[in-house]
Structure formats: structure tokens, C-alpha cells
>>> print(open('start.txt').read())   # compact mmCIF, C-alpha atoms
# COMPACT_ATOMS: atom_id res chain seq x y z
CA MET N 1 13.42 94.68 129.28
CA VAL N 2 14.90 98.16 129.38
CA LYS N 3 17.96 96.82 131.15
CA LYS N 4 18.41 94.08 128.51
CA THR N 5 18.08 96.60 125.69
CA ALA N 6 20.60 98.92 127.34
CA ALA N 7 23.02 96.03 127.83
CA LEU N 8 22.72 95.00 124.16
CA LEU N 9 23.37 98.56 123.02
CA LEU N 10 26.46 98.78 125.25
CA VAL N 11 27.88 95.47 123.92
CA THR N 12 27.21 96.55 120.31
CA ALA N 13 29.00 99.86 120.89
CA LEU N 14 32.02 98.12 122.41
CA LEU N 15 32.24 95.67 119.46
CA LEU N 16 32.04 98.49 116.92
CA SER N 17 34.75 100.42 118.78
CA ALA N 18 37.04 97.36 118.83
CA CYS N 19 36.59 96.80 115.06
CA GLY N 20 37.44 100.42 114.40
CA ASP N 21 40.70 100.19 116.40
CA LYS N 22 41.65 97.01 114.53
CA ASN N 23 41.07 98.64 111.16
CA GLU N 24 43.11 101.69 112.16
CA THR N 25 45.98 99.45 113.37
CA THR N 26 45.92 97.54 110.07
CA ALA N 27 45.97 100.79 108.10
CA GLU N 28 48.88 102.08 110.17
CA LYS N 29 50.82 98.88 109.52
CA ASN N 30 50.12 99.10 105.80
CA GLN N 31 51.18 102.75 105.75
CA SER N 32 54.37 101.90 107.67
CA THR N 33 55.19 99.10 105.24
CA THR N 34 54.63 101.41 102.28
CA THR N 35 56.87 104.04 103.87
CA GLN N 36 59.64 101.50 104.50
CA ASP N 37 59.45 100.24 100.89
CA SER N 38 59.55 103.81 99.64
CA THR N 39 62.57 104.52 101.85
CA LYS N 40 64.36 101.48 100.49
CA THR N 41 63.77 102.67 96.96
CA THR N 42 64.91 106.18 97.75
CA THR N 43 68.13 105.20 99.52
CA THR N 44 69.33 102.58 97.05
CA ALA N 45 72.95 103.48 96.22
CA VAL N 46 73.44 104.99 92.77
CA PRO N 47 75.92 102.79 90.87
CA GLY N 48 79.17 104.59 90.10
CA SER N 49 79.23 105.86 86.55
CA ASN N 50 82.16 105.35 84.22
CA ASP N 51 84.31 108.25 83.06
CA ASP N 52 85.87 108.43 79.60
CA SER N 53 88.76 106.17 80.60
CA GLY N 54 86.42 103.48 81.92
CA HIS N 55 87.04 104.07 85.61
CA GLU N 56 84.33 103.84 88.18
CA ASN N 57 83.42 107.28 89.42
CA ALA N 58 81.75 107.60 92.83
CA ALA N 59 80.90 111.27 92.31
CA ASN N 60 77.29 110.49 91.33
CA GLU N 61 76.47 108.97 94.72
CA ASN N 62 74.76 112.08 96.06
CA GLN N 63 72.25 110.56 98.47
CA ALA N 64 72.38 111.68 102.09
CA GLY N 65 74.53 109.41 104.22
CA GLU N 66 76.40 107.99 101.18
CA ALA N 67 79.65 109.91 101.71
CA GLY N 68 81.28 107.01 103.52
CA LYS N 69 80.28 104.57 100.80
CA ALA N 70 81.51 106.96 98.11
CA GLY N 71 84.91 107.02 99.80
CA ALA N 72 84.98 103.23 99.89
CA ASP N 73 84.02 103.02 96.21
CA ALA N 74 86.76 105.50 95.27
CA ALA N 75 89.33 103.38 97.09
CA GLU N 76 88.48 100.50 94.76
CA VAL N 77 88.90 102.52 91.55
CA PRO N 78 91.78 100.96 89.54
CA GLY N 79 94.78 103.27 89.55
CA THR N 80 93.80 105.18 92.68
CA GLN N 81 96.80 105.69 94.93
CA LYS N 82 96.75 104.93 98.65
CA ASP N 83 97.07 108.64 99.41
CA GLY N 84 93.94 109.31 97.34
CA THR N 85 95.73 110.67 94.29
CA GLN N 86 94.14 109.16 91.23
CA GLU N 87 96.25 107.79 88.44
CA ASN N 88 94.23 107.09 85.33
CA ALA N 89 94.74 104.15 82.98
CA ALA N 90 96.68 106.26 80.52
CA GLY N 91 99.36 106.87 83.08
CA GLN N 92 100.05 110.51 82.29
CA ASN N 93 97.07 111.97 80.41
CA ASP N 94 95.01 113.19 83.38
CA GLU N 95 95.86 116.77 84.25
CA ASN N 96 94.54 116.15 87.75
CA ALA N 97 96.69 113.07 88.30
CA ALA N 98 99.44 114.33 90.57
CA VAL N 99 102.32 112.00 91.34
CA PRO N 100 104.57 113.58 94.00
CA LEU N 101 107.91 114.79 92.62
CA LYS N 102 110.39 112.84 94.74
CA TYR N 103 113.36 112.53 92.36
CA HIS N 104 115.47 114.47 89.89
CA MET N 105 118.08 113.53 87.30
CA ASN N 106 121.68 114.56 87.79
CA LYS N 107 124.27 115.35 85.11
CA ALA N 108 125.32 111.69 84.96
CA TYR N 109 121.72 110.83 84.06
CA ASN N 110 121.16 109.00 87.34
CA ILE N 111 117.92 109.29 89.29
CA VAL N 112 118.50 110.97 92.65
CA PRO N 113 116.15 111.55 95.62
CA ASN N 114 115.16 115.15 96.29
CA GLU N 115 115.23 114.72 100.06
CA GLU N 116 116.94 112.65 102.69
CA GLY N 117 114.88 109.64 103.65
CA THR N 118 113.55 109.01 100.14
CA GLU N 119 114.49 105.58 98.79
CA LYS N 120 117.84 105.70 96.96
CA LYS N 121 117.92 102.15 95.60
CA VAL N 122 115.74 102.81 92.60
CA VAL N 123 116.13 102.21 88.88
CA LEU N 124 114.46 103.85 85.90
CA LEU N 125 113.28 101.42 83.21
CA THR N 126 113.26 102.61 79.59
CA PHE N 127 112.65 101.02 76.18
CA ASP N 128 113.75 102.69 72.93
CA ASP N 129 113.01 102.48 69.20
CA GLY N 130 109.32 101.60 69.21
CA PRO N 131 106.54 101.07 68.75
CA LYS N 132 107.26 97.87 66.83
CA LYS N 133 105.08 94.84 67.62
CA ALA N 134 101.95 94.41 69.72
CA GLU N 135 103.24 91.02 70.88
CA TRP N 136 106.41 92.53 72.32
CA ILE N 137 104.65 95.55 73.79
CA ASN N 138 102.00 93.47 75.54
CA SER N 139 104.61 91.06 76.90
CA LEU N 140 106.78 93.90 78.24
CA ILE N 141 103.81 95.62 79.87
CA ASP N 142 102.46 92.36 81.29
CA THR N 143 105.79 91.96 83.07
CA LEU N 144 105.86 95.59 84.19
CA ASP N 145 102.36 95.20 85.61
CA LYS N 146 103.39 92.02 87.41
CA HIS N 147 106.17 93.95 89.17
CA HIS N 148 104.05 97.11 89.66
CA ALA N 149 106.49 99.09 87.52
CA LYS N 150 106.24 102.02 85.14
CA ALA N 151 108.64 102.63 82.26
CA ILE N 152 109.31 105.20 79.55
CA PHE N 153 108.78 103.98 76.00
CA PHE N 154 110.87 106.28 73.80
CA VAL N 155 109.25 106.26 70.37
CA ASN N 156 110.32 107.30 66.87
CA GLY N 157 107.98 109.43 64.82
CA TYR N 158 108.17 107.35 61.67
CA ARG N 159 107.20 104.24 63.64
CA VAL N 160 104.27 106.03 65.26
CA LYS N 161 103.11 107.10 61.80
CA GLU N 162 103.24 103.45 60.67
CA ASN N 163 101.70 102.03 63.86
CA PRO N 164 99.52 104.60 65.64
CA ASP N 165 97.51 101.82 67.29
CA LEU N 166 100.67 100.53 68.98
CA LEU N 167 101.31 103.94 70.49
CA LYS N 168 97.74 103.93 71.78
CA LEU N 169 98.33 100.45 73.20
CA ILE N 170 101.31 101.62 75.27
CA HIS N 171 99.40 104.67 76.42
CA ASP N 172 96.16 102.84 77.22
CA ARG N 173 98.05 100.27 79.28
CA GLY N 174 99.33 102.99 81.58
CA GLN N 175 102.93 103.36 80.49
CA ILE N 176 104.79 106.58 79.71
CA ILE N 177 105.60 107.85 76.22
CA GLY N 178 108.94 109.55 75.50
CA ASN N 179 110.32 111.33 72.41
CA HIS N 180 113.18 109.58 70.54
CA SER N 181 113.24 111.85 67.43
CA TRP N 182 111.49 111.22 64.15
CA ASP N 183 114.03 109.28 62.07
CA HIS N 184 116.43 107.88 64.68
CA ILE N 185 119.42 109.83 63.34
CA SER N 186 122.32 111.39 65.19
CA LEU N 187 121.34 115.00 65.89
CA ARG N 188 124.72 116.24 67.06
CA LYS N 189 125.91 117.72 63.77
CA GLU N 190 122.56 118.56 62.21
CA PRO N 191 121.46 122.19 61.65
CA GLU N 192 119.10 123.64 64.23
CA ALA N 193 116.11 123.70 61.87
CA LYS N 194 116.44 119.95 61.25
CA VAL N 195 116.91 119.12 64.93
CA LYS N 196 113.84 121.20 65.73
CA LYS N 197 111.78 119.31 63.15
CA GLN N 198 113.05 115.90 64.32
CA ILE N 199 111.92 116.64 67.88
CA GLU N 200 108.81 118.75 67.36
CA ASP N 201 107.27 116.50 64.70
CA VAL N 202 107.28 113.70 67.26
CA GLN N 203 105.66 115.97 69.83
CA LYS N 204 102.92 116.74 67.32
CA ILE N 205 102.18 113.20 66.14
CA VAL N 206 102.08 111.87 69.69
CA LYS N 207 99.74 114.70 70.71
CA ASP N 208 97.52 114.01 67.70
CA THR N 209 97.46 110.28 68.44
CA ILE N 210 96.95 110.08 72.20
CA GLY N 211 96.03 113.63 73.17
CA GLU N 212 99.20 114.63 75.02
CA THR N 213 102.82 115.47 74.38
CA PRO N 214 105.86 113.66 75.85
CA VAL N 215 107.89 115.27 78.63
CA PHE N 216 111.01 113.09 78.26
CA PHE N 217 113.49 113.17 75.35
CA ARG N 218 116.30 110.76 74.56
CA PRO N 219 118.40 111.45 71.45
CA PRO N 220 119.30 108.46 69.29
CA PHE N 221 122.76 107.10 70.13
CA GLY N 222 122.82 109.59 73.01
CA GLU N 223 123.94 112.21 70.49
CA GLY N 224 121.76 115.29 70.86
CA GLY N 225 124.44 117.93 71.19
CA ASP N 226 123.88 121.41 72.56
CA VAL N 227 121.25 122.17 69.94
CA GLY N 228 119.29 119.04 70.87
CA LYS N 229 119.38 120.05 74.53
CA LYS N 230 118.21 123.57 73.63
CA ILE N 231 115.28 122.39 71.49
CA ALA N 232 114.27 119.82 74.08
CA LYS N 233 114.17 122.47 76.80
CA GLU N 234 112.12 124.81 74.60
CA ASN N 235 109.55 122.04 74.29
CA GLY N 236 109.39 121.31 78.02
CA LEU N 237 111.29 118.03 77.63
CA LEU N 238 113.74 116.55 80.13
CA TYR N 239 116.79 115.60 78.06
CA MET N 240 118.45 112.33 79.02
CA THR N 241 120.70 109.58 77.75
CA TRP N 242 121.31 106.67 80.17
CA SER N 243 123.64 105.42 82.90
CA ASN N 244 123.18 101.65 82.55
CA GLY N 245 123.16 100.09 79.10
CA SER N 246 121.79 96.59 78.61
CA LEU N 247 123.63 96.32 75.26
CA ASP N 248 120.60 94.45 73.93
CA TRP N 249 120.95 96.36 70.65
CA THR N 250 124.38 94.81 69.96
CA MET N 251 123.12 91.22 69.98
CA LYS N 252 122.45 89.03 66.95
CA SER N 253 119.01 87.58 66.39
CA LYS N 254 120.34 83.98 66.48
CA GLY N 255 121.93 84.34 69.90
CA THR N 256 120.17 81.81 72.11
CA ASP N 257 121.79 83.23 75.24
CA ASN N 258 120.76 86.82 74.50
CA PRO N 259 118.28 87.09 77.41
CA GLN N 260 120.96 86.05 79.92
CA LYS N 261 123.40 88.53 78.39
CA VAL N 262 120.88 91.32 78.79
CA ILE N 263 120.39 90.46 82.44
CA GLN N 264 124.11 90.14 83.14
CA ASN N 265 124.96 93.42 81.43
CA VAL N 266 122.44 95.31 83.55
CA MET N 267 123.46 93.63 86.78
CA ASP N 268 127.16 94.29 86.11
CA GLN N 269 126.49 98.03 85.88
CA LEU N 270 123.85 98.21 88.60
CA HIS N 271 124.00 101.16 90.98
CA ALA N 272 121.51 103.32 92.86
CA GLY N 273 119.62 105.52 90.45
CA SER N 274 120.47 103.46 87.36
CA ASN N 275 118.81 104.82 84.22
CA ILE N 276 118.54 101.53 82.31
CA LEU N 277 118.51 101.57 78.51
CA MET N 278 116.68 98.69 76.82
CA HIS N 279 114.86 98.23 73.53
CA GLU N 280 111.76 96.65 72.07
CA LEU N 281 113.47 93.38 71.14
CA SER N 282 112.40 89.76 71.50
CA TRP N 283 115.28 88.78 73.80
CA THR N 284 114.75 91.81 76.02
CA THR N 285 111.09 90.88 76.27
CA GLU N 286 112.11 87.37 77.26
CA ALA N 287 114.65 88.61 79.81
CA LEU N 288 112.55 91.24 81.54
CA ASP N 289 110.72 89.20 84.18
CA GLN N 290 113.89 87.54 85.44
CA LEU N 291 115.75 90.85 85.33
CA LEU N 292 113.16 92.68 87.42
CA THR N 293 113.04 89.77 89.87
CA LYS N 294 116.82 89.97 90.29
CA LEU N 295 116.68 93.72 90.81
CA GLU N 296 114.03 93.29 93.49
CA SER N 297 116.12 90.59 95.19
CA LYS N 298 118.91 93.18 95.50
CA GLY N 299 116.55 95.57 97.23
CA TYR N 300 115.82 97.83 94.26
CA THR N 301 112.46 99.34 93.36
CA PHE N 302 111.26 100.92 90.13
CA VAL N 303 110.90 104.67 90.04
CA ASP N 304 107.73 106.07 88.52
CA PRO N 305 108.90 108.40 85.71
CA ARG N 306 106.19 110.88 86.65
CA SER N 307 107.86 111.38 90.04
CA ILE N 308 110.97 112.82 88.32
CA GLU N 309 111.37 116.58 88.03
CA LEU N 310 111.72 117.94 84.49
CA GLU N 311 114.83 119.96 85.31
CA MET N 312 118.26 118.37 85.54
CA ARG N 313 120.30 119.36 88.59
>>> encode(input="start.txt", output="C-alpha cells")
Amino acid sequence: MVKKTAALLLVTALLLSACGDKNETTAEKNQSTTTQDSTKTTTTAVPGSNDDSGHENAANENQAGEAGKAGADAAEVPGTQKDGTQENAAGQNDENAAVPLKYHMNKAYNIVPNEEGTEKKVVLLTFDDGPKKAEWINSLIDTLDKHHAKAIFFVNGYRVKENPDLLKLIHDRGQIIGNHSWDHISLRKEPEAKVKKQIEDVQKIVKDTIGETPVFFRPPFGEGGDVGKKIAKENGLLYMTWSNGSLDWTMKSKGTDNPQKVIQNVMDQLHAGSNILMHELSWTTEALDQLLTKLESKGYTFVDPRSIELEMR
């Protein structure tokens, strides 16, 4: 009897011990699962926030081990260059956006490489006398975007006053704003005070409208004179005329072959470093895609205006 009782006690103890181990194992599994779920919640990547210009910003991804992902996210930000230099949507309104200065303008108003080995077969695209119509502006910039090109839009102050939203449109679509005087008058024979006002009033209205001032100046008719050059320099502006004229401004509105004339005029004068003068006109808008395609077929690329030094030499 004693032996049976002892045996029953031993079996009972073993069963209780086994149940305890099972419960502990279950608790450990539950705790492990909870820990894993908590880890998943903790390490979920923080979505990139948007900055004022609407670009994804990976700077908020501060979790440990996220540095690699942050770099990958930054590479996908629109406007980020391959070398890591960020270009914002406005094109030139980010003080931290540094485009390498690879070119300068010579006294013939051609664009010239600063160093041997930099591409010589480049052209500078420019459009004068705006901003006029959203339809034309959007069409021009759609084509520029298609060809991965930047251009300078030289604007008149009185037009900006009439159409501030069109200036913002050019700016917001990543193109460059230039100063083309207030009234589009010849400045060559005007007194210094008037020339100063014609140039500086444009600087002010552009600054007030888009938050920055132009760094390029083109006098109407190419007639700035010595005073125009002086005032431009005082305002940190690179003074330029052009070295390749499309002659689009000479054409009549009923000319059905105007687009082909624009293209032919540019191609006839084409040379390395061409500073091409065009305007916000319907036939220029129509011609632009074919013109840029022809330039590319000749081995030319489109210089980014921001890569041009602001001193002529």
C-alpha cells in the first residue's frame, strides 16, 4: 500500500511539473510574439514629409538602420541630380541648389566651356517678351521637359504686372526667369536714372512675385549701351544679347510656314555655344519640338543657364 501511494505521488508530481513547463513555454511564445509585433511597429519606416515645394524629404527617417533607405528615397526625389545635388521645382529659388559652373559667356555672347573636356556643342535656349499666354508657356515648357532642357524666359515688367500668375507658372515649372526691362524700350540713349528704373523695377516685381531676383539681363533690341551694362552689373546681372537669332519676331501672323522658317533660321546660324533668341509666339511654340530634335540629331545638348558664370570673359 505504501509503495502504491508513493508511486501515485511520484506520477502526480511529474504530471504537475510537465504542465508547468508547457505553460511557461506558451508564455514565452506569447511574449516573443508580442515583442516581434512591437518591433515591427517601432521599425516601420517614417514616410518622407513634403517640403514647401512639394518634394519628398527623407530627412525625417531617423530610425536606426534607415540611413540606406533614406539615401534611396532621396534618389527618387524629383529634381535630384545624379551627383546628389538637389534642384528644386522652381529651378533657381533654392539657395542650397548648386549647379556646377561649367560655362561662361564670351564677348560674342556665345557659351564657352570653362575647362578642356567639357562639352562644347551646347546651345542656350531663350524666350523674350513674356509672360503672355498660359497656353504658349505650358506648350513651350512641355517641350523643354520632353528634351530635358532649361531655358531663360526674359520677361518685361509691365507684362508681369498684368500677369503675375504667368510668371509664377514659368517659375513653378522649373524654368529660369531673366530681366528684359520694364517697358521694352531701347535703353541706349536713355538717361541713367531711367535705365536704372527700367532694370531695377523688374528686379523688384519679380522678387515680390516669386521670391527671387533674376541674374540674367537682355536689353530690348540688344540696345543696352554702356549705361545698361553698368546698371546690370550693379544689380548682379549677366548682360547678354544673342548670337543666333531665330527671326521669329519678323514673321507675320498669317504665315503658315512660320514654324519651318524659325527652324531653318536657327539651323543656318548654328554653331557651338549658340545663344538662341526666340520669343513667346505661337509659331515658335509650334516649331520648338522639331527644332530641339534637329539640334540633338546634330549632336548638340542644351546648357543649363545656372551652369553659366555671371561674369563675361
>>> residues_around(input="start.txt", residues="Ala232 (chain N)", least_positions_apart="2", cutoff="12 Å", atoms="all atoms listed in the file", output="PyMOL selection string")
chain N and resi 178-181+187+192+195-200+202-203+214-219+224-230+234-240+310-311
>>> closest_residue(input="start.txt", among="N:Ile111, N:Val155, N:Leu140, N:Ile210", to="Asp172 (chain N)", atoms="all atoms listed in the file")
N:Ile210
>>> closest_atom_pairs(input="start.txt", of="region 247-290 of chain N", to="region 120-129 of chain N", cutoff="6 Å", atoms="only C-alpha atoms", output="CSV")
residue,atom,partner,partner_atom,distance
N:Ala272,CA,N:Lys121,CA,4.7
N:Gly273,CA,N:Val123,CA,5.1
N:Ser274,CA,N:Val123,CA,4.8
N:Asn275,CA,N:Leu124,CA,4.8
N:Ile276,CA,N:Leu125,CA,5.3
N:Leu277,CA,N:Thr126,CA,5.5
N:Met278,CA,N:Phe127,CA,4.7
N:His279,CA,N:Phe127,CA,4.4
>>> residues_around(input="start.txt", residues="Thr118 (chain N)", least_positions_apart="5", cutoff="9 Å", atoms="all atoms listed in the file", output="list in words")
Lys102, Tyr103 and Pro113 of chain N
>>> atom_distance(input="start.txt", atom1="CA of Trp242 (chain N)", atom2="CA of Asn265 (chain N)")
13.8 Å
>>> closest_residue(input="start.txt", among="N:Ile263, N:Val303, N:Val99, N:Met105", to="Ala287 (chain N)", atoms="only C-alpha atoms")
N:Ile263
>>> closest_residue(input="start.txt", among="N:Lys168, N:Lys132, N:Lys204, N:His184", to="Asn156 (chain N)", atoms="only C-alpha atoms")
N:His184
>>> residues_near_point(input="start.txt", point="(100.4, 92.9, 80.1)", cutoff="12 Å", atoms="all atoms listed in the file", output="list in words")
Ala134, Glu135, Trp136, Ile137, Asn138, Ser139, Leu140, Ile141, Asp142, Thr143, Leu144, Asp145, Lys146, His147, His148, Ala149, Lys150, Leu169, Ile170, Asp172, Arg173, Gly174, Gln175, Thr285 and Asp289 of chain N
>>> atom_distance(input="start.txt", atom1="CA of Gly130 (chain N)", atom2="CA of Arg159 (chain N)")
6.5 Å
>>> closest_residue(input="start.txt", among="N:Ile231, N:Pro220, N:Trp283, N:Leu295", to="Gly255 (chain N)", atoms="only C-alpha atoms")
N:Trp283
>>> atom_distance(input="start.txt", atom1="CA of Glu115 (chain N)", atom2="CA of Ser297 (chain N)")
24.6 Å
>>> closest_residue(input="start.txt", among="N:Leu166, N:Val266, N:Val206, N:Ala193", to="Lys133 (chain N)", atoms="all atoms listed in the file")
N:Leu166
>>> closest_residue(input="start.txt", among="N:Leu247, N:Ala151, N:Leu167, N:Ala98", to="Asp268 (chain N)", atoms="all atoms listed in the file")
N:Leu247
>>> build_atoms(input="start.txt", residues="region 195-221 of chain N", atoms="N, CA and C atoms", output="PDB file, in the coordinates of the input")
ATOM      1  N   VAL N 195     117.062 119.672  63.579  1.00  0.00           N
ATOM      2  CA  VAL N 195     116.910 119.120  64.930  1.00  0.00           C
ATOM      3  C   VAL N 195     115.530 119.487  65.475  1.00  0.00           C
ATOM      4  N   LYS N 196     115.141 120.728  65.263  1.00  0.00           N
ATOM      5  CA  LYS N 196     113.840 121.200  65.730  1.00  0.00           C
ATOM      6  C   LYS N 196     112.716 120.363  65.122  1.00  0.00           C
ATOM      7  N   LYS N 197     112.811 120.095  63.830  1.00  0.00           N
ATOM      8  CA  LYS N 197     111.780 119.310  63.150  1.00  0.00           C
ATOM      9  C   LYS N 197     111.769 117.868  63.645  1.00  0.00           C
ATOM     10  N   GLN N 198     112.952 117.283  63.849  1.00  0.00           N
ATOM     11  CA  GLN N 198     113.050 115.900  64.320  1.00  0.00           C
ATOM     12  C   GLN N 198     112.378 115.724  65.684  1.00  0.00           C
ATOM     13  N   ILE N 199     112.496 116.726  66.531  1.00  0.00           N
ATOM     14  CA  ILE N 199     111.920 116.640  67.880  1.00  0.00           C
ATOM     15  C   ILE N 199     110.448 117.057  67.881  1.00  0.00           C
ATOM     16  N   GLU N 200     110.158 118.195  67.256  1.00  0.00           N
ATOM     17  CA  GLU N 200     108.810 118.750  67.360  1.00  0.00           C
ATOM     18  C   GLU N 200     107.784 117.980  66.538  1.00  0.00           C
ATOM     19  N   ASP N 201     108.213 117.331  65.457  1.00  0.00           N
ATOM     20  CA  ASP N 201     107.270 116.500  64.700  1.00  0.00           C
ATOM     21  C   ASP N 201     106.802 115.303  65.517  1.00  0.00           C
ATOM     22  N   VAL N 202     107.692 114.801  66.374  1.00  0.00           N
ATOM     23  CA  VAL N 202     107.280 113.700  67.260  1.00  0.00           C
ATOM     24  C   VAL N 202     106.302 114.217  68.311  1.00  0.00           C
ATOM     25  N   GLN N 203     106.585 115.383  68.864  1.00  0.00           N
ATOM     26  CA  GLN N 203     105.660 115.970  69.830  1.00  0.00           C
ATOM     27  C   GLN N 203     104.254 116.084  69.229  1.00  0.00           C
ATOM     28  N   LYS N 204     104.209 116.517  67.982  1.00  0.00           N
ATOM     29  CA  LYS N 204     102.920 116.740  67.320  1.00  0.00           C
ATOM     30  C   LYS N 204     102.184 115.423  67.056  1.00  0.00           C
ATOM     31  N   ILE N 205     102.883 114.430  66.492  1.00  0.00           N
ATOM     32  CA  ILE N 205     102.180 113.200  66.140  1.00  0.00           C
ATOM     33  C   ILE N 205     101.726 112.435  67.377  1.00  0.00           C
ATOM     34  N   VAL N 206     102.504 112.514  68.446  1.00  0.00           N
ATOM     35  CA  VAL N 206     102.080 111.870  69.690  1.00  0.00           C
ATOM     36  C   VAL N 206     100.857 112.584  70.261  1.00  0.00           C
ATOM     37  N   LYS N 207     100.897 113.911  70.238  1.00  0.00           N
ATOM     38  CA  LYS N 207      99.740 114.700  70.710  1.00  0.00           C
ATOM     39  C   LYS N 207      98.498 114.368  69.890  1.00  0.00           C
ATOM     40  N   ASP N 208      98.661 114.300  68.571  1.00  0.00           N
ATOM     41  CA  ASP N 208      97.520 114.010  67.700  1.00  0.00           C
ATOM     42  C   ASP N 208      96.981 112.601  67.909  1.00  0.00           C
ATOM     43  N   THR N 209      97.853 111.685  68.317  1.00  0.00           N
ATOM     44  CA  THR N 209      97.460 110.280  68.440  1.00  0.00           C
ATOM     45  C   THR N 209      96.846 109.943  69.789  1.00  0.00           C
ATOM     46  N   ILE N 210      97.436 110.455  70.867  1.00  0.00           N
ATOM     47  CA  ILE N 210      96.950 110.080  72.200  1.00  0.00           C
ATOM     48  C   ILE N 210      96.481 111.266  73.043  1.00  0.00           C
ATOM     49  N   GLY N 211      96.587 112.480  72.470  1.00  0.00           N
ATOM     50  CA  GLY N 211      96.030 113.630  73.170  1.00  0.00           C
ATOM     51  C   GLY N 211      96.960 114.309  74.148  1.00  0.00           C
ATOM     52  N   GLU N 212      98.237 113.993  74.118  1.00  0.00           N
ATOM     53  CA  GLU N 212      99.200 114.630  75.020  1.00  0.00           C
ATOM     54  C   GLU N 212     100.584 114.598  74.392  1.00  0.00           C
ATOM     55  N   THR N 213     101.454 115.429  74.887  1.00  0.00           N
ATOM     56  CA  THR N 213     102.820 115.470  74.380  1.00  0.00           C
ATOM     57  C   THR N 213     103.778 114.846  75.390  1.00  0.00           C
ATOM     58  N   PRO N 214     104.862 114.232  74.931  1.00  0.00           N
ATOM     59  CA  PRO N 214     105.860 113.660  75.850  1.00  0.00           C
ATOM     60  C   PRO N 214     106.545 114.754  76.673  1.00  0.00           C
ATOM     61  N   VAL N 215     107.099 114.349  77.797  1.00  0.00           N
ATOM     62  CA  VAL N 215     107.890 115.270  78.630  1.00  0.00           C
ATOM     63  C   VAL N 215     109.323 114.770  78.816  1.00  0.00           C
ATOM     64  N   PHE N 216     109.653 113.630  78.196  1.00  0.00           N
ATOM     65  CA  PHE N 216     111.010 113.090  78.260  1.00  0.00           C
ATOM     66  C   PHE N 216     111.557 112.953  76.832  1.00  0.00           C
ATOM     67  N   PHE N 217     112.840 113.301  76.657  1.00  0.00           N
ATOM     68  CA  PHE N 217     113.490 113.170  75.350  1.00  0.00           C
ATOM     69  C   PHE N 217     114.819 112.445  75.492  1.00  0.00           C
ATOM     70  N   ARG N 218     115.007 111.451  74.638  1.00  0.00           N
ATOM     71  CA  ARG N 218     116.300 110.760  74.560  1.00  0.00           C
ATOM     72  C   ARG N 218     116.763 110.805  73.099  1.00  0.00           C
ATOM     73  N   PRO N 219     117.919 111.410  72.823  1.00  0.00           N
ATOM     74  CA  PRO N 219     118.400 111.450  71.450  1.00  0.00           C
ATOM     75  C   PRO N 219     118.939 110.092  71.015  1.00  0.00           C
ATOM     76  N   PRO N 220     118.726 109.716  69.774  1.00  0.00           N
ATOM     77  CA  PRO N 220     119.300 108.460  69.290  1.00  0.00           C
ATOM     78  C   PRO N 220     120.811 108.437  69.480  1.00  0.00           C
ATOM     79  N   PHE N 221     121.324 107.308  69.884  1.00  0.00           N
ATOM     80  CA  PHE N 221     122.760 107.100  70.130  1.00  0.00           C
ATOM     81  C   PHE N 221     123.292 107.984  71.258  1.00  0.00           C
TER      82      PHE N 221
END
